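File shown here: run.txt, holding compact mmCIF, C-alpha atoms.
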# COMPACT_ATOMS: atom_id res chain seq x y z
CA MET O 1 -8.30 -7.05 12.25
CA TYR O 2 -6.34 -4.03 13.47
CA LEU O 3 -5.14 -0.81 11.85
CA THR O 4 -2.02 0.75 13.38
CA ARG O 5 -0.34 4.11 12.77
CA PHE O 6 3.18 4.92 13.96
CA ARG O 7 5.15 8.12 13.35
CA ILE O 8 8.78 7.56 12.39
CA ASN O 9 11.54 9.86 13.66
CA THR O 10 13.49 10.31 10.43
CA ALA O 11 16.31 12.12 12.26
CA ARG O 12 17.44 8.84 13.80
CA VAL O 13 19.98 6.58 12.13
CA GLY O 14 17.88 3.50 12.89
CA ALA O 15 14.89 5.03 11.15
CA ARG O 16 16.90 5.87 8.05
CA ARG O 17 18.23 2.30 7.90
CA LEU O 18 14.70 0.91 8.03
CA LEU O 19 13.36 3.34 5.43
CA SER O 20 16.21 2.51 3.03
CA SER O 21 15.43 -1.21 2.99
CA PRO O 22 11.96 -2.74 2.58
CA GLN O 23 13.43 -6.04 3.77
CA ARG O 24 14.58 -4.51 7.09
CA MET O 25 11.24 -2.74 7.54
CA HIS O 26 9.36 -5.96 6.81
CA ALA O 27 11.41 -7.79 9.45
CA ALA O 28 10.74 -5.01 11.97
CA VAL O 29 7.00 -5.12 11.28
CA MET O 30 6.82 -8.90 11.60
CA SER O 31 8.74 -8.70 14.88
CA SER O 32 5.79 -6.74 16.30
CA PHE O 33 3.79 -9.93 16.85
CA ALA O 34 4.34 -12.43 19.66
CA GLU O 35 2.79 -15.17 17.55
CA ILE O 36 3.98 -15.67 13.97
CA PRO O 37 1.22 -14.42 11.62
CA PRO O 38 -0.33 -17.04 9.30
CA PRO O 39 1.40 -17.55 5.94
CA ALA O 40 0.12 -15.79 2.86
CA GLY O 41 -2.93 -17.50 1.42
CA GLN O 42 -4.22 -18.63 4.81
CA GLY O 43 -6.52 -15.74 5.61
CA PRO O 44 -5.89 -12.02 6.15
CA ARG O 45 -2.22 -11.09 6.22
CA VAL O 46 0.05 -8.42 7.65
CA LEU O 47 0.25 -5.44 5.29
CA TRP O 48 2.25 -2.26 5.76
CA ARG O 49 2.90 1.04 4.00
CA ILE O 50 5.06 4.13 4.48
CA ASP O 51 3.31 7.49 4.03
CA HIS O 52 4.71 11.03 3.88
CA ASP O 53 2.25 13.81 4.68
CA SER O 54 2.16 17.50 3.75
CA ARG O 55 3.94 18.46 6.98
CA ALA O 56 6.93 16.26 6.11
CA ALA O 57 5.95 13.68 8.73
CA THR O 58 6.59 10.01 7.94
CA HIS O 59 4.18 7.34 9.17
CA LEU O 60 4.14 3.57 9.13
CA HIS O 61 0.66 2.06 8.64
CA ILE O 62 0.02 -1.61 9.45
CA VAL O 63 -3.08 -3.74 8.90
CA SER O 64 -2.89 -7.06 10.75
CA PRO O 65 -4.98 -9.94 12.11
CA ALA O 66 -3.34 -9.55 15.56
CA LYS O 67 -2.60 -6.44 17.60
CA PRO O 68 1.07 -5.38 17.20
CA ASP O 69 3.49 -4.20 19.86
CA LEU O 70 5.79 -1.54 18.39
CA THR O 71 7.96 -0.96 21.47
CA HIS O 72 11.08 -2.00 19.55
CA LEU O 73 10.26 0.46 16.75
CA VAL O 74 9.79 3.30 19.22
CA GLU O 75 13.23 2.53 20.64
CA GLN O 76 14.88 2.16 17.24
CA ALA O 77 13.08 4.66 15.04
CA GLY O 78 10.78 6.78 17.18
CA TRP O 79 10.91 8.98 20.28
CA PRO O 80 11.78 6.69 23.23
CA GLU O 81 10.58 9.16 25.89
CA THR O 82 7.40 10.40 24.24
CA GLY O 83 6.80 8.16 21.23
CA ARG O 84 3.77 5.95 20.93
CA TRP O 85 1.55 4.38 18.32
CA GLU O 86 -2.18 4.19 17.71
CA THR O 87 -3.98 0.90 17.10
CA PHE O 88 -7.67 0.73 16.16
CA ASP O 89 -10.07 -2.19 15.93
CA TYR O 90 -10.55 -2.41 12.15
CA GLY O 91 -13.38 -4.94 12.21
CA PRO O 92 -16.32 -2.57 12.87
CA PHE O 93 -15.24 -0.31 10.00
CA LEU O 94 -14.90 -3.25 7.62
CA ASP O 95 -18.32 -4.55 8.67
CA ARG O 96 -19.96 -1.19 7.86
CA LEU O 97 -18.82 -1.12 4.23
CA ALA O 98 -21.87 -1.03 1.96
CA VAL O 99 -22.71 -0.74 -1.73
CA GLY O 100 -22.77 2.85 -2.93
CA GLN O 101 -20.52 4.33 -0.24
CA ARG O 102 -17.88 6.72 -1.52
CA TRP O 103 -14.43 7.04 -0.02
CA THR O 104 -11.09 8.60 -0.76
CA PHE O 105 -8.36 5.99 -0.89
CA ARG O 106 -4.61 5.55 -0.87
CA LEU O 107 -2.77 2.52 -2.18
CA THR O 108 0.94 1.92 -2.57
CA ALA O 109 1.42 -0.89 -5.05
CA ASN O 110 3.84 -2.66 -7.36
CA PRO O 111 2.11 -2.46 -10.78
CA VAL O 112 3.60 -5.14 -13.00
CA HIS O 113 2.74 -7.22 -16.04
CA THR O 114 4.26 -10.19 -17.86
CA ALA O 115 6.13 -9.48 -21.08
CA ARG O 116 8.77 -10.89 -23.42
CA ARG O 117 10.86 -9.31 -26.17
CA THR O 118 10.65 -12.22 -28.63
CA ASP O 119 8.43 -15.27 -29.14
CA ASP O 120 11.33 -17.52 -28.13
CA GLU O 121 11.87 -15.88 -24.75
CA PRO O 122 10.01 -16.96 -21.59
CA THR O 123 7.72 -14.31 -20.13
CA LYS O 124 9.06 -12.27 -17.24
CA ILE O 125 7.48 -9.96 -14.72
CA THR O 126 8.09 -6.35 -15.75
CA ALA O 127 7.15 -3.12 -14.01
CA HIS O 128 4.76 -0.65 -15.61
CA VAL O 129 6.76 2.58 -15.88
CA GLY O 130 4.29 5.00 -17.47
CA VAL O 131 1.52 6.68 -15.49
CA ARG O 132 -1.15 5.68 -18.04
CA HIS O 133 -0.21 2.00 -17.77
CA GLN O 134 0.07 2.22 -13.98
CA MET O 135 -3.45 3.64 -13.81
CA GLY O 136 -4.62 0.95 -16.20
CA TRP O 137 -3.17 -1.70 -13.89
CA LEU O 138 -5.39 -0.49 -11.04
CA LEU O 139 -8.48 0.01 -13.18
CA GLN O 140 -8.19 -3.59 -14.43
CA ARG O 141 -8.41 -4.80 -10.82
CA GLN O 142 -11.18 -2.59 -9.49
CA ASP O 143 -14.11 -4.88 -10.34
CA ASN O 144 -12.62 -7.95 -8.63
CA ALA O 145 -11.59 -5.79 -5.67
CA GLY O 146 -15.15 -4.57 -5.06
CA PHE O 147 -14.94 -0.92 -6.07
CA ARG O 148 -14.92 1.44 -9.01
CA VAL O 149 -12.73 4.52 -9.27
CA LEU O 150 -14.98 7.53 -9.76
CA GLU O 151 -14.91 9.41 -13.06
CA LYS O 152 -14.59 13.17 -13.38
CA ALA O 153 -17.26 15.31 -14.98
CA PRO O 154 -16.36 15.89 -18.66
CA GLU O 155 -15.70 19.59 -18.06
CA HIS O 156 -13.05 18.69 -15.46
CA GLN O 157 -11.11 16.34 -17.72
CA LEU O 158 -8.01 18.27 -18.72
CA VAL O 159 -6.97 15.73 -21.36
CA PRO O 160 -9.99 13.98 -22.91
CA GLU O 161 -9.89 10.17 -22.65
CA ARG O 162 -6.70 10.34 -20.56
CA ASP O 163 -7.92 12.23 -17.50
CA ARG O 164 -11.23 10.48 -16.91
CA HIS O 165 -10.81 9.26 -13.34
CA GLU O 166 -10.42 10.87 -9.95
CA LEU O 167 -7.03 9.26 -9.59
CA ILE O 168 -3.44 10.45 -9.37
CA VAL O 169 -0.18 8.49 -9.32
CA HIS O 170 2.79 9.82 -7.40
CA ASN O 171 5.82 8.92 -5.26
CA ARG O 172 7.34 6.53 -7.81
CA ARG O 173 10.25 4.67 -6.23
CA GLU O 174 12.75 2.24 -7.72
CA LEU O 175 14.03 -0.06 -5.00
CA ALA O 176 16.96 -2.46 -5.08
CA PHE O 177 18.08 -4.46 -2.07
CA ASN O 178 19.76 -7.74 -1.23
CA LYS O 179 17.74 -10.70 0.02
CA ALA O 180 19.27 -13.45 2.11
CA GLY O 181 20.17 -16.49 0.05
CA GLN O 182 20.06 -14.70 -3.30
CA SER O 183 23.08 -13.50 -5.24
CA LYS O 184 21.16 -10.99 -7.37
CA PRO O 185 19.51 -7.99 -5.71
CA VAL O 186 15.72 -7.75 -5.59
CA THR O 187 14.43 -4.82 -7.66
CA LEU O 188 10.93 -3.41 -7.74
CA VAL O 189 9.04 -0.26 -8.65
CA SER O 190 6.37 1.09 -6.31
CA VAL O 191 3.93 3.95 -6.83
CA THR O 192 1.21 5.50 -4.70
CA PHE O 193 -2.35 5.92 -5.96
CA ASP O 194 -4.64 8.56 -4.43
CA GLY O 195 -8.23 8.80 -5.59
CA ARG O 196 -11.94 8.43 -4.90
CA LEU O 197 -13.95 5.24 -5.20
CA GLU O 198 -17.44 3.83 -4.85
CA VAL O 199 -18.07 0.49 -3.15
CA THR O 200 -19.60 -2.09 -5.53
CA ASP O 201 -19.03 -5.35 -3.60
CA PRO O 202 -18.38 -4.95 0.16
CA ALA O 203 -17.15 -8.53 0.66
CA ALA O 204 -14.64 -8.24 -2.20
CA LEU O 205 -13.44 -4.86 -0.94
CA ARG O 206 -13.00 -6.22 2.59
CA ARG O 207 -10.83 -8.95 1.13
CA ALA O 208 -8.74 -6.41 -0.81
CA LEU O 209 -8.27 -4.29 2.32
CA THR O 210 -7.13 -7.24 4.43
CA HIS O 211 -5.28 -9.40 1.85
CA GLY O 212 -3.72 -6.61 -0.25
CA LEU O 213 -3.61 -5.77 -3.94
CA GLY O 214 -0.85 -6.83 -6.31
CA LYS O 215 2.61 -8.20 -5.64
CA ALA O 216 5.49 -7.32 -3.27
CA LYS O 217 3.20 -7.22 -0.23
CA GLY O 218 6.11 -8.09 2.02
CA TYR O 219 7.94 -4.98 0.83
CA GLY O 220 5.43 -2.25 1.65
CA CYS O 221 3.07 -2.71 -1.29
CA GLY O 222 -0.58 -3.75 -1.48
CA LEU O 223 -2.09 -1.87 1.47
CA MET O 224 -5.15 0.22 0.57
CA THR O 225 -6.75 2.48 3.18
CA LEU O 226 -9.99 4.45 3.00
CA ALA O 227 -11.02 7.82 4.43
CA LYS O 228 -14.14 9.95 4.27
CA ALA O 229 -14.67 11.38 0.79
How would this structure read if it were set down as structure tokens?
Amino acid sequence: MYLTRFRINTARVGARRLLSSPQRMHAAVMSSFAEIPPPAGQGPRVLWRIDHDSRAATHLHIVSPAKPDLTHLVEQAGWPETGRWETFDYGPFLDRLAVGQRWTFRLTANPVHTARRTDDEPTKITAHVGVRHQMGWLLQRQDNAGFRVLEKAPEHQLVPERDRHELIVHNRRELAFNKAGQSKPVTLVSVTFDGRLEVTDPAALRRALTHGLGKAKGYGCGLMTLAKA
């Protein structure tokens, strides 16, 4: 597995076109591989995420089974003379995960649930729109994903029973874009989770880090990354 980081030059028209359409960005990411990656469900998959840091820099992060070549992205959305990307061997880090380790994490996800307005209607996939429900979506998945989100000390909980975890939700985005072969546009809501976790099941967490969490993985959702707490 590989972890790749690429800085996007947002002043370029090509970059703005990619950032405005998850479908275009997905196609650009998948074009980074000489061999077509395996389909979803057949092992680790290609995951990607767009991050904006405190210095207003925009980065593309990719986790992939094969090493990508981002030359076309440098030419289209980077700095052709000086631009480059960084790719790291992700395997050694994944192998070192152990029970009890604590990490900060970031995850951009598409928190959804199934709902219906009446008993006669079929269920449909609906986005969670409130922060409390979005947090609940992640907390419901933490056990199966091999981690637990750390809880704050009681004296640091600003709103009792509603501010228990070291977790924030931000960068909510409502996306709508056309998909080839479909008359209706694709719509989805994505949010970014930042927090601190403790590893409870290294094998399950490795799977979450390499297979993704939730839906809309082809559209920049599902990629969780860890950093030193």
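We find CA of Pro202 (chain O) and CA of Ser190 (chain O) to be spaced 26.3 Å apart.
Residues near the point (-17.3, -6.1, 10.2), at a distance of 12 Å or less over all atoms listed in the file, make up Met1, Tyr2, Asp89, Tyr90, Gly91, Pro92, Phe93, Leu94, Asp95, Arg96, Leu97, Ala98, Pro202, Ala203, Leu205, Arg206, Arg207 and Thr210 of chain O.
What separates CA of Gly220 (chain O) from CA of Arg49 (chain O) is a distance of 4.8 Å.
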If you measure from CA of Lys215 (chain O) to CA of Ala27 (chain O), what distance in Å do you get, rounded to one decimal? 17.5 Å
Each residue of region 61-125 of chain O with at least one atom at most 10 Å from region 164-174 of chain O should appear once, together with its nearest atom pair and the corresponding distance in Å (one decimal); atoms considered: all atoms listed in the file; ordering: chain, then increasing residue number; output as JSON lines.
{"residue": "O:Thr104", "atom": "CA", "partner": "O:Glu166", "partner_atom": "CA", "distance": 9.5}
{"residue": "O:Phe105", "atom": "CA", "partner": "O:Leu167", "partner_atom": "CA", "distance": 9.4}
{"residue": "O:Arg106", "atom": "CA", "partner": "O:Leu167", "partner_atom": "CA", "distance": 9.8}
{"residue": "O:Leu107", "atom": "CA", "partner": "O:Val169", "partner_atom": "CA", "distance": 9.7}
{"residue": "O:Thr108", "atom": "CA", "partner": "O:Asn171", "partner_atom": "CA", "distance": 8.9}
{"residue": "O:Ala109", "atom": "CA", "partner": "O:Arg172", "partner_atom": "CA", "distance": 9.9}
{"residue": "O:Asn110", "atom": "CA", "partner": "O:Arg173", "partner_atom": "CA", "distance": 9.8}
Arg148 (chain O) environment, 7 Å, all atoms listed in the file, sequence neighbours closer than 5 positions dropped, as JSON, numbers by chain: {"O": [142, 143, 197, 198, 199, 200]}
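Among O:Arg17, O:Arg132, O:Lys124, O:Arg7, the residue with the shortest atom-to-atom distance to His61 (chain O), counting all atoms listed in the file, is O:Arg7.
When all atoms listed in the file are used to compute distances to Ile62 (chain O), the closest of the residues O:Gln101, O:Gln23, O:Thr4, O:Asn144 turns out to be O:Thr4.
Checking O:Thr187, O:Thr114, O:Ser32, O:Thr192 one by one against Leu73 (chain O), counting all atoms listed in the file, you find the shortest gap at O:Ser32.
Distances here use only C-alpha atoms; by that measure, the residue among O:Gln134, O:Thr58, O:Asn9, O:Asn178 closest to Pro80 (chain O) is O:Asn9.
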If you count only C-alpha atoms, which residues fall within 9 Å of Trp48 (chain O), apart from same-chain ones fewer than 6 positions away, as an MDAnalysis selection string? chainID O and resid 26 29 60:64 217:223
Would you put the residues from that selection into a file with C-alpha atoms, as a PDB file, keeping the file's coordinate frame?
ATOM      1  CA  HIS O  26       9.360  -5.960   6.810  1.00  0.00           C
ATOM      2  CA  VAL O  29       7.000  -5.120  11.280  1.00  0.00           C
ATOM      3  CA  LEU O  60       4.140   3.570   9.130  1.00  0.00           C
ATOM      4  CA  HIS O  61       0.660   2.060   8.640  1.00  0.00           C
ATOM      5  CA  ILE O  62       0.020  -1.610   9.450  1.00  0.00           C
ATOM      6  CA  VAL O  63      -3.080  -3.740   8.900  1.00  0.00           C
ATOM      7  CA  SER O  64      -2.890  -7.060  10.750  1.00  0.00           C
ATOM      8  CA  LYS O 217       3.200  -7.220  -0.230  1.00  0.00           C
ATOM      9  CA  GLY O 218       6.110  -8.090   2.020  1.00  0.00           C
ATOM     10  CA  TYR O 219       7.940  -4.980   0.830  1.00  0.00           C
ATOM     11  CA  GLY O 220       5.430  -2.250   1.650  1.00  0.00           C
ATOM     12  CA  CYS O 221       3.070  -2.710  -1.290  1.00  0.00           C
ATOM     13  CA  GLY O 222      -0.580  -3.750  -1.480  1.00  0.00           C
ATOM     14  CA  LEU O 223      -2.090  -1.870   1.470  1.00  0.00           C
TER      15      LEU O 223
END
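Shortest separation to Met135 (chain O) among O:Phe6, O:Arg102, O:Gly195, O:Gly83 occurs at residue O:Gly195, atoms counted being all atoms listed in the file.
Distances here use all atoms listed in the file; by that measure, the residue among O:Ile36, O:Met30, O:Val46, O:Val112 closest to Leu70 (chain O) is O:Met30.
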Find the residues around Asp69 (chain O) up to 9 Å (all atoms listed in the file counted), leave out those fewer than 3 positions away in its own chain, and share them as a PyMOL selection string. chain O and resi 31-34+72-73+85
Would you fill the gaps in region 96-114 of chain O so it has N, CA and C atoms, then print it as a compact mmCIF listing (two decimals), in the coordinates of the input?
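The result, stored in out05.txt:
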# COMPACT_ATOMS: atom_id res chain seq x y z
N ARG O 96 -19.01 -2.23 8.27
CA ARG O 96 -19.96 -1.19 7.86
C ARG O 96 -19.87 -0.84 6.38
N LEU O 97 -18.92 -1.41 5.66
CA LEU O 97 -18.82 -1.12 4.23
C LEU O 97 -20.10 -1.57 3.53
N ALA O 98 -20.61 -0.73 2.64
CA ALA O 98 -21.87 -1.03 1.96
C ALA O 98 -21.83 -0.51 0.53
N VAL O 99 -22.62 -1.15 -0.32
CA VAL O 99 -22.71 -0.74 -1.73
C VAL O 99 -23.12 0.73 -1.81
N GLY O 100 -22.43 1.46 -2.68
CA GLY O 100 -22.77 2.85 -2.93
C GLY O 100 -22.00 3.85 -2.10
N GLN O 101 -21.33 3.40 -1.03
CA GLN O 101 -20.52 4.33 -0.24
C GLN O 101 -19.37 4.87 -1.09
N ARG O 102 -19.01 6.11 -0.82
CA ARG O 102 -17.88 6.72 -1.52
C ARG O 102 -16.80 7.11 -0.53
N TRP O 103 -15.58 6.80 -0.89
CA TRP O 103 -14.43 7.04 -0.02
C TRP O 103 -13.27 7.58 -0.84
N THR O 104 -12.40 8.35 -0.18
CA THR O 104 -11.09 8.60 -0.76
C THR O 104 -10.21 7.41 -0.38
N PHE O 105 -9.22 7.13 -1.19
CA PHE O 105 -8.36 5.99 -0.89
C PHE O 105 -6.91 6.29 -1.19
N ARG O 106 -6.04 5.54 -0.55
CA ARG O 106 -4.61 5.55 -0.87
C ARG O 106 -4.13 4.11 -0.96
N LEU O 107 -3.33 3.85 -1.96
CA LEU O 107 -2.77 2.52 -2.18
C LEU O 107 -1.34 2.67 -2.69
N THR O 108 -0.40 2.06 -2.01
CA THR O 108 0.94 1.92 -2.57
C THR O 108 1.06 0.51 -3.13
N ALA O 109 1.45 0.41 -4.38
CA ALA O 109 1.42 -0.89 -5.05
C ALA O 109 2.62 -1.05 -5.97
N ASN O 110 2.77 -2.28 -6.44
CA ASN O 110 3.84 -2.66 -7.36
C ASN O 110 3.18 -3.09 -8.67
N PRO O 111 2.83 -2.12 -9.55
CA PRO O 111 2.11 -2.46 -10.78
C PRO O 111 3.03 -3.11 -11.81
N VAL O 112 2.75 -4.38 -12.09
CA VAL O 112 3.60 -5.14 -13.00
C VAL O 112 2.74 -5.88 -14.02
N HIS O 113 3.39 -6.37 -15.06
CA HIS O 113 2.74 -7.22 -16.04
C HIS O 113 3.77 -8.22 -16.55
N THR O 114 3.33 -9.24 -17.27
CA THR O 114 4.26 -10.19 -17.86
C THR O 114 4.51 -9.79 -19.31
